file protein.pdb (PDB, C-alpha atoms)
ATOM      1  CA  ALA A  17       1.611 -11.447  -8.255
ATOM      2  CA  ILE A  18       0.318  -8.606 -10.432
ATOM      3  CA  LEU A  19      -2.082  -7.466  -7.706
ATOM      4  CA  THR A  20       0.656  -7.561  -5.079
ATOM      5  CA  ALA A  21       2.995  -5.527  -7.280
ATOM      6  CA  ALA A  22       0.258  -2.973  -7.894
ATOM      7  CA  VAL A  23      -0.463  -2.576  -4.185
ATOM      8  CA  LEU A  24       3.207  -2.269  -3.316
ATOM      9  CA  GLY A  25       3.618   0.298  -6.067
ATOM     10  CA  ALA A  26       0.757   2.330  -4.641
ATOM     11  CA  VAL A  27       2.281   2.210  -1.178
ATOM     12  CA  ALA A  28       5.698   3.210  -2.528
ATOM     13  CA  ALA A  29       4.157   6.382  -3.930
ATOM     14  CA  LEU A  30       3.059   7.517  -0.467
ATOM     15  CA  PRO A  31       5.128   9.965   1.628
ATOM     16  CA  SER A  32       7.691   8.273   3.871
ATOM     17  CA  THR A  33       8.708   8.904   7.456
ATOM     18  CA  ALA A  34      12.264   9.268   8.701
ATOM     19  CA  SER A  35      12.163   6.342  11.108
ATOM     20  CA  ALA A  36      10.286   3.564   9.347
ATOM     21  CA  GLY A  37      10.233   4.267   5.663
ATOM     22  CA  LEU A  38       6.787   3.869   4.188
ATOM     23  CA  LEU A  39       4.936   2.510   7.220
ATOM     24  CA  VAL A  40       4.490   3.407  10.838
ATOM     25  CA  GLN A  41       7.141   1.907  13.103
ATOM     26  CA  SER A  42       5.348   1.212  16.381
ATOM     27  CA  ALA A  43       4.024  -2.293  17.045
ATOM     28  CA  ALA A  44       2.859  -4.286  20.031
ATOM     29  CA  SER A  45       6.351  -5.687  20.544
ATOM     30  CA  CYS A  46       9.555  -5.743  18.511
ATOM     31  CA  ASP A  47      11.562  -7.527  21.175
ATOM     32  CA  PRO A  48      13.308 -10.791  20.250
ATOM     33  CA  GLN A  49      11.241 -13.861  21.148
ATOM     34  CA  PRO A  50      12.252 -17.485  21.789
ATOM     35  CA  THR A  51      12.455 -19.485  18.581
ATOM     36  CA  SER A  52      11.891 -23.106  17.625
ATOM     37  CA  ARG A  53      11.939 -25.244  14.469
ATOM     38  CA  PRO A  54       8.382 -26.591  14.276
ATOM     39  CA  PHE A  55       8.576 -27.381  10.547
ATOM     40  CA  ALA A  56      11.875 -29.295  10.612
ATOM     41  CA  PRO A  57      10.122 -32.650   9.933
ATOM     42  CA  TRP A  58       9.032 -31.175   6.579
ATOM     43  CA  GLY A  59      12.512 -30.053   5.566
ATOM     44  CA  ASP A  60      12.164 -26.459   6.774
ATOM     45  CA  SER A  61      15.040 -25.699   9.164
ATOM     46  CA  ARG A  62      14.111 -22.042   9.719
ATOM     47  CA  ASN A  63      13.725 -20.758  13.256
ATOM     48  CA  TYR A  64      10.180 -19.511  13.925
ATOM     49  CA  VAL A  65       8.375 -17.503  16.577
ATOM     50  CA  LEU A  66       4.811 -18.399  17.568
ATOM     51  CA  ALA A  67       2.542 -15.521  16.535
ATOM     52  CA  PRO A  68       0.502 -13.861  19.324
ATOM     53  CA  GLY A  69      -2.314 -16.225  20.276
ATOM     54  CA  GLY A  70      -1.178 -18.505  17.458
ATOM     55  CA  SER A  71      -1.694 -21.772  19.339
ATOM     56  CA  PHE A  72      -5.326 -20.903  20.315
ATOM     57  CA  GLU A  73      -4.862 -22.753  23.596
ATOM     58  CA  SER A  74      -6.124 -19.713  25.548
ATOM     59  CA  GLY A  75      -8.811 -18.820  23.043
ATOM     60  CA  ALA A  76      -7.903 -16.168  20.490
ATOM     61  CA  PRO A  77      -6.687 -13.183  22.552
ATOM     62  CA  GLY A  78      -6.216 -10.112  20.394
ATOM     63  CA  TRP A  79      -7.644 -11.793  17.288
ATOM     64  CA  GLN A  80     -10.581 -10.304  15.379
ATOM     65  CA  LEU A  81     -12.966 -13.151  14.632
ATOM     66  CA  ASN A  82     -15.729 -12.644  12.080
ATOM     67  CA  GLY A  83     -17.712 -15.815  12.771
ATOM     68  CA  ALA A  84     -14.623 -17.960  13.344
ATOM     69  CA  SER A  85     -14.348 -19.743  16.687
ATOM     70  CA  VAL A  86     -11.878 -21.680  18.814
ATOM     71  CA  VAL A  87     -12.817 -25.360  18.934
ATOM     72  CA  THR A  88     -11.561 -28.593  20.431
ATOM     73  CA  GLY A  89      -9.089 -30.471  18.238
ATOM     74  CA  ASN A  90      -5.386 -29.776  17.814
ATOM     75  CA  GLU A  91      -3.217 -30.207  14.735
ATOM     76  CA  THR A  92      -2.111 -33.813  14.817
ATOM     77  CA  PHE A  93       1.652 -33.212  15.002
ATOM     78  CA  TYR A  94       1.488 -31.357  18.349
ATOM     79  CA  VAL A  95       4.429 -29.110  17.515
ATOM     80  CA  GLY A  96       3.465 -26.878  20.447
ATOM     81  CA  GLY A  97       3.236 -29.743  22.931
ATOM     82  CA  ARG A  98       1.263 -32.914  23.588
ATOM     83  CA  THR A  99      -1.043 -31.096  26.003
ATOM     84  CA  HIS A 100      -2.402 -28.788  23.294
ATOM     85  CA  SER A 101      -6.019 -29.405  22.346
ATOM     86  CA  LYS A 102      -7.419 -26.370  20.469
ATOM     87  CA  SER A 103      -7.564 -24.917  16.965
ATOM     88  CA  LEU A 104      -9.491 -22.217  15.097
ATOM     89  CA  ARG A 105     -12.436 -23.096  12.841
ATOM     90  CA  LEU A 106     -13.582 -20.939   9.940
ATOM     91  CA  ASP A 107     -16.829 -21.800   8.171
ATOM     92  CA  PRO A 108     -17.539 -20.504   4.641
ATOM     93  CA  GLY A 109     -17.081 -16.739   4.394
ATOM     94  CA  GLU A 110     -15.706 -16.357   7.915
ATOM     95  CA  THR A 111     -12.448 -14.554   8.653
ATOM     96  CA  ALA A 112      -9.888 -14.398  11.446
ATOM     97  CA  THR A 113      -7.399 -11.533  11.729
ATOM     98  CA  SER A 114      -4.331 -11.874  13.934
ATOM     99  CA  PRO A 115      -3.070  -9.250  16.365
ATOM    100  CA  GLU A 116      -0.472  -6.943  14.867
ATOM    101  CA  ILE A 117       2.995  -8.452  14.611
ATOM    102  CA  CYS A 118       6.247  -6.555  14.323
ATOM    103  CA  VAL A 119       8.102  -7.360  11.091
ATOM    104  CA  GLY A 120      11.184  -6.072   9.313
ATOM    105  CA  LEU A 121      13.600  -7.248   6.661
ATOM    106  CA  GLU A 122      14.524 -10.251   8.797
ATOM    107  CA  HIS A 123      10.909 -11.527   8.972
ATOM    108  CA  PRO A 124      10.525 -13.139   5.527
ATOM    109  CA  VAL A 125       7.816 -15.812   5.847
ATOM    110  CA  ILE A 126       4.899 -17.205   7.837
ATOM    111  CA  ARG A 127       3.547 -20.751   8.123
ATOM    112  CA  VAL A 128       0.539 -22.342   9.790
ATOM    113  CA  PHE A 129      -1.045 -25.777  10.022
ATOM    114  CA  ALA A 130      -4.366 -26.137   8.222
ATOM    115  CA  LYS A 131      -6.994 -28.639   7.100
ATOM    116  CA  ASN A 132     -10.503 -28.519   5.636
ATOM    117  CA  ASN A 133     -13.428 -30.889   5.273
ATOM    118  CA  ARG A 134     -12.305 -32.127   1.863
ATOM    119  CA  LEU A 135     -14.639 -30.070  -0.310
ATOM    120  CA  LEU A 136     -12.888 -29.371  -3.601
ATOM    121  CA  LEU A 137     -14.584 -25.996  -4.022
ATOM    122  CA  SER A 138     -12.927 -24.559  -0.934
ATOM    123  CA  THR A 139      -9.745 -22.592  -0.307
ATOM    124  CA  LEU A 140      -8.182 -20.671   2.542
ATOM    125  CA  THR A 141      -6.785 -17.278   1.587
ATOM    126  CA  VAL A 142      -4.085 -15.428   3.516
ATOM    127  CA  GLU A 143      -3.581 -11.658   3.434
ATOM    128  CA  VAL A 144      -1.140  -9.333   5.152
ATOM    129  CA  ILE A 145      -2.681  -6.067   6.366
ATOM    130  CA  VAL A 146      -0.243  -3.152   6.390
ATOM    131  CA  ARG A 147      -0.612   0.392   7.715
ATOM    132  CA  THR A 148       0.779   3.274   5.701
ATOM    133  CA  SER A 149       2.361   6.392   7.164
ATOM    134  CA  LEU A 150      -1.011   8.073   6.533
ATOM    135  CA  GLY A 151      -2.788   5.566   8.771
ATOM    136  CA  LEU A 152      -4.466   3.740   5.884
ATOM    137  CA  LYS A 153      -4.793  -0.043   6.006
ATOM    138  CA  LEU A 154      -4.089  -2.098   2.891
ATOM    139  CA  ALA A 155      -4.754  -5.829   2.534
ATOM    140  CA  VAL A 156      -2.228  -7.605   0.287
ATOM    141  CA  PRO A 157      -2.873 -11.248  -0.763
ATOM    142  CA  ILE A 158       0.134 -13.441   0.017
ATOM    143  CA  GLY A 159      -1.139 -17.001  -0.341
ATOM    144  CA  VAL A 160      -3.866 -19.550  -0.959
ATOM    145  CA  VAL A 161      -4.170 -22.955   0.731
ATOM    146  CA  LEU A 162      -5.741 -25.652  -1.436
ATOM    147  CA  PRO A 163      -8.147 -28.314  -0.105
ATOM    148  CA  ARG A 164      -6.629 -30.856   2.252
ATOM    149  CA  GLY A 165      -8.531 -33.373   4.321
ATOM    150  CA  SER A 166      -5.894 -33.828   7.024
ATOM    151  CA  TRP A 167      -3.619 -31.518   8.993
ATOM    152  CA  LYS A 168      -0.588 -30.322   7.038
ATOM    153  CA  PRO A 169       1.729 -27.332   7.235
ATOM    154  CA  THR A 170       1.008 -24.711   4.600
ATOM    155  CA  PRO A 171       3.711 -23.521   2.235
ATOM    156  CA  ALA A 172       5.965 -20.765   3.552
ATOM    157  CA  PHE A 173       4.203 -17.557   2.503
ATOM    158  CA  LEU A 174       6.342 -14.474   1.862
ATOM    159  CA  VAL A 175       5.257 -11.644   4.144
ATOM    160  CA  VAL A 176       5.927  -9.056   1.386
ATOM    161  CA  ALA A 177       5.293  -6.141   3.780
ATOM    162  CA  ASN A 178       8.648  -6.766   5.450
ATOM    163  CA  LEU A 179      10.282  -5.288   2.337
ATOM    164  CA  LEU A 180       8.630  -1.898   2.785
ATOM    165  CA  PRO A 181      10.745  -0.477   5.660
ATOM    166  CA  LEU A 182      13.729   1.231   4.098
ATOM    167  CA  LEU A 183      16.604   0.035   6.266
ATOM    168  CA  PRO A 184      17.618  -2.985   8.331
ATOM    169  CA  GLY A 185      16.437  -2.380  11.870
ATOM    170  CA  ASP A 186      13.238  -0.647  10.751
ATOM    171  CA  TYR A 187      10.033  -2.395  11.808
ATOM    172  CA  THR A 188       6.370  -2.031  11.027
ATOM    173  CA  PRO A 189       3.194  -3.571  12.466
ATOM    174  CA  VAL A 190       1.205  -5.921  10.255
ATOM    175  CA  ALA A 191      -1.703  -8.279  10.821
ATOM    176  CA  PHE A 192      -2.641 -11.429   8.931
ATOM    177  CA  ARG A 193      -6.159 -12.318   7.805
ATOM    178  CA  PHE A 194      -7.332 -15.850   7.066
ATOM    179  CA  ARG A 195     -10.552 -16.349   5.089
ATOM    180  CA  ALA A 196     -12.523 -19.512   4.259
ATOM    181  CA  VAL A 197     -13.589 -19.212   0.619
ATOM    182  CA  GLY A 198     -16.104 -21.468  -1.108
ATOM    183  CA  LEU A 199     -18.242 -24.217   0.359
ATOM    184  CA  GLY A 200     -16.015 -25.856   2.948
ATOM    185  CA  SER A 201     -14.913 -25.217   6.509
ATOM    186  CA  TRP A 202     -11.276 -24.776   7.525
ATOM    187  CA  TRP A 203      -9.269 -25.279  10.694
ATOM    188  CA  ILE A 204      -5.951 -23.553  11.419
ATOM    189  CA  ASP A 205      -3.498 -24.035  14.270
ATOM    190  CA  ASP A 206       0.028 -23.142  15.399
ATOM    191  CA  PHE A 207       0.684 -19.980  13.394
ATOM    192  CA  TYR A 208       4.408 -19.106  13.166
ATOM    193  CA  VAL A 209       6.523 -16.220  11.865
ATOM    194  CA  ASP A 210      10.155 -16.638  10.795
ATOM    195  CA  PRO A 211      12.154 -13.884  12.526
ATOM    196  CA  ARG A 212      15.574 -14.913  11.118
ATOM    197  CA  ARG A 213      16.953 -14.146  14.567
ATOM    198  CA  ARG A 214      19.245 -16.493  16.410
ATOM    199  CA  ILE A 215      18.555 -16.101  20.135
TER     200      ILE A 215
END
call {"tool": "encode", "arguments": {"input": "protein.pdb", "output": "structure tokens"}}
result
Amino acid sequence: AILTAAVLGAVAALPSTASAGLLVQSAASCDPQPTSRPFAPWGDSRNYVLAPGGSFESGAPGWQLNGASVVTGNETFYVGGRTHSKSLRLDPGETATSPEICVGLEHPVIRVFAKNNRLLLSTLTVEVIVRTSLGLKLAVPIGVVLPRGSWKPTPAFLVVANLLPLLPGDYTPVAFRFRAVGLGSWWIDDFYVDPRRRI
């Protein structure tokens, strides 16, 4: 929390633009997308949008993979459909960075399904990567997933960067980076963003 506050404080000190506050406004797409409630069985009734390439059924288009790879084996709840059969594997030290996603004040959280191979000395870290109005990229930690031997949804991680645009209706592009830390391997699947839009 201290590190996040320090990073946000540093960003707040940067010059702002008229249209998007502290960050650049353009993103791959800010258009409303169809929503679903994939985490309803776990008491989360939020509407979510599937992140770009977030099901990994067509590989990992637009993702930056540093050793990570798409493999056979879907999360066991099949929230995206019974025909799904892929997930993303990250071995120790490997990272996977999503395509940029448009977020604003109404995009508060993200969630994903994850599991590892039960090694206690293993975590999955999640960062949001923001771009300042000067074109600099900053990685802000937003969550850690603890060891789990079977597929489970992660907690809802606060995006944090969605608070940086100054006004409702301002949007900024961010990416999310997943990293396998420690000795174990991790698998992730069905990565969702809560848009707080009712379509």
call {"tool": "residues_near_point", "arguments": {"input": "protein.pdb", "point": "(5.8, -16.9, 16.8)", "cutoff": "7 Å", "atoms": "only C-alpha atoms", "output": "list in words"}}
result
Tyr64, Val65, Leu66, Ala67, Pro68, Phe207, Tyr208 and Val209 of chain A
call {"tool": "write_last_selection", "arguments": {"input": "protein.pdb", "atoms": "C-alpha atoms", "output": "CSV table (one decimal), in the coordinates of the input"}}
result
chain,number,residue,atom,x,y,z
A,64,TYR,CA,10.2,-19.5,13.9
A,65,VAL,CA,8.4,-17.5,16.6
A,66,LEU,CA,4.8,-18.4,17.6
A,67,ALA,CA,2.5,-15.5,16.5
A,68,PRO,CA,0.5,-13.9,19.3
A,207,PHE,CA,0.7,-20.0,13.4
A,208,TYR,CA,4.4,-19.1,13.2
A,209,VAL,CA,6.5,-16.2,11.9
call {"tool": "residues_around", "arguments": {"input": "protein.pdb", "residues": "A:Leu174", "least_positions_apart": "3", "cutoff": "9 Å", "atoms": "all atoms listed in the file", "output": "PDB file with C-alpha atoms, keeping the file's coordinate frame"}}
result
ATOM      1  CA  HIS A 123      10.909 -11.527   8.972  1.00  0.00           C
ATOM      2  CA  PRO A 124      10.525 -13.139   5.527  1.00  0.00           C
ATOM      3  CA  VAL A 125       7.816 -15.812   5.847  1.00  0.00           C
ATOM      4  CA  ILE A 126       4.899 -17.205   7.837  1.00  0.00           C
ATOM      5  CA  ILE A 158       0.134 -13.441   0.017  1.00  0.00           C
ATOM      6  CA  GLY A 159      -1.139 -17.001  -0.341  1.00  0.00           C
ATOM      7  CA  ALA A 177       5.293  -6.141   3.780  1.00  0.00           C
ATOM      8  CA  ASN A 178       8.648  -6.766   5.450  1.00  0.00           C
TER       9      ASN A 178
END
call {"tool": "residues_around", "arguments": {"input": "protein.pdb", "residues": "stretch 192-197 of chain A", "least_positions_apart": "2", "cutoff": "10 Å", "atoms": "all atoms listed in the file", "output": "PyMOL selection string"}}
result
chain A and resi 79-82+84+105-117+126+132+137-146+155-161+175+190+199-204
call {"tool": "resolve_selection", "arguments": {"input": "protein.pdb", "expression": "the PyMOL selection byres ((chain A and resi 50) around 8)", "output": "list in words"}}
result
Pro48, Gln49, Thr51, Ser52, Val65 and Ile215 of chain A
call {"tool": "axis_aligned_box", "arguments": {"input": "protein.pdb", "around": "stretch 110-124 of chain A", "padding_each_side": "8 Å", "output": "lines of an AutoDock Vina configuration file"}}
result
center_x = -0.6
center_y = -11.2
center_z = 10.9
size_x = 46.2
size_y = 26.3
size_z = 26.8
call {"tool": "atom_distance", "arguments": {"input": "protein.pdb", "atom1": "atom CA of A:Cys118", "atom2": "atom CA of A:Asp60"}}
result
22.1 Å
call {"tool": "atom_distance", "arguments": {"input": "protein.pdb", "atom1": "atom CA of A:Ser74", "atom2": "atom CA of A:Arg62"}}
result
25.8 Å
call {"tool": "closest_residue", "arguments": {"input": "protein.pdb", "among": "A:Pro54, A:Gly78, A:Gly89, A:Gly97", "to": "A:Asp210", "atoms": "all atoms listed in the file"}}
result
A:Pro54
call {"tool": "closest_residue", "arguments": {"input": "protein.pdb", "among": "A:Val87, A:Ala172, A:Ala130, A:Leu162", "to": "A:Trp58", "atoms": "all atoms listed in the file"}}
result
A:Ala172
call {"tool": "atom_distance", "arguments": {"input": "protein.pdb", "atom1": "atom CA of A:Ala191", "atom2": "atom CA of A:Val128"}}
result
14.3 Å
call {"tool": "closest_residue", "arguments": {"input": "protein.pdb", "among": "A:Val176, A:Gly198, A:Gly59, A:Pro163", "to": "A:Val119", "atoms": "only C-alpha atoms"}}
result
A:Val176
call {"tool": "closest_residue", "arguments": {"input": "protein.pdb", "among": "A:Ala76, A:Phe129, A:Thr188, A:Asn90", "to": "A:Ser149", "atoms": "all atoms listed in the file"}}
result
A:Thr188
call {"tool": "resolve_selection", "arguments": {"input": "protein.pdb", "expression": "the PyMOL selection byres ((chain A and resi 94) around 12)", "output": "PDB file with C-alpha atoms, keeping the file's coordinate frame"}}
result
ATOM      1  CA  PRO A  54       8.382 -26.591  14.276  1.00  0.00           C
ATOM      2  CA  PHE A  55       8.576 -27.381  10.547  1.00  0.00           C
ATOM      3  CA  SER A  71      -1.694 -21.772  19.339  1.00  0.00           C
ATOM      4  CA  GLU A  73      -4.862 -22.753  23.596  1.00  0.00           C
ATOM      5  CA  GLY A  89      -9.089 -30.471  18.238  1.00  0.00           C
ATOM      6  CA  ASN A  90      -5.386 -29.776  17.814  1.00  0.00           C
ATOM      7  CA  GLU A  91      -3.217 -30.207  14.735  1.00  0.00           C
ATOM      8  CA  THR A  92      -2.111 -33.813  14.817  1.00  0.00           C
ATOM      9  CA  PHE A  93       1.652 -33.212  15.002  1.00  0.00           C
ATOM     10  CA  VAL A  95       4.429 -29.110  17.515  1.00  0.00           C
ATOM     11  CA  GLY A  96       3.465 -26.878  20.447  1.00  0.00           C
ATOM     12  CA  GLY A  97       3.236 -29.743  22.931  1.00  0.00           C
ATOM     13  CA  ARG A  98       1.263 -32.914  23.588  1.00  0.00           C
ATOM     14  CA  THR A  99      -1.043 -31.096  26.003  1.00  0.00           C
ATOM     15  CA  HIS A 100      -2.402 -28.788  23.294  1.00  0.00           C
ATOM     16  CA  SER A 101      -6.019 -29.405  22.346  1.00  0.00           C
ATOM     17  CA  LYS A 102      -7.419 -26.370  20.469  1.00  0.00           C
ATOM     18  CA  SER A 103      -7.564 -24.917  16.965  1.00  0.00           C
ATOM     19  CA  PHE A 129      -1.045 -25.777  10.022  1.00  0.00           C
ATOM     20  CA  TRP A 167      -3.619 -31.518   8.993  1.00  0.00           C
ATOM     21  CA  LYS A 168      -0.588 -30.322   7.038  1.00  0.00           C
ATOM     22  CA  PRO A 169       1.729 -27.332   7.235  1.00  0.00           C
ATOM     23  CA  ASP A 205      -3.498 -24.035  14.270  1.00  0.00           C
ATOM     24  CA  ASP A 206       0.028 -23.142  15.399  1.00  0.00           C
TER      25      ASP A 206
END
call {"tool": "closest_residue", "arguments": {"input": "protein.pdb", "among": "A:Leu104, A:Leu135, A:Lys153, A:Tyr187", "to": "A:Gly83", "atoms": "only C-alpha atoms"}}
result
A:Leu104
call {"tool": "closest_residue", "arguments": {"input": "protein.pdb", "among": "A:Thr170, A:Leu154, A:Thr148, A:Gly165", "to": "A:Leu136", "atoms": "all atoms listed in the file"}}
result
A:Gly165
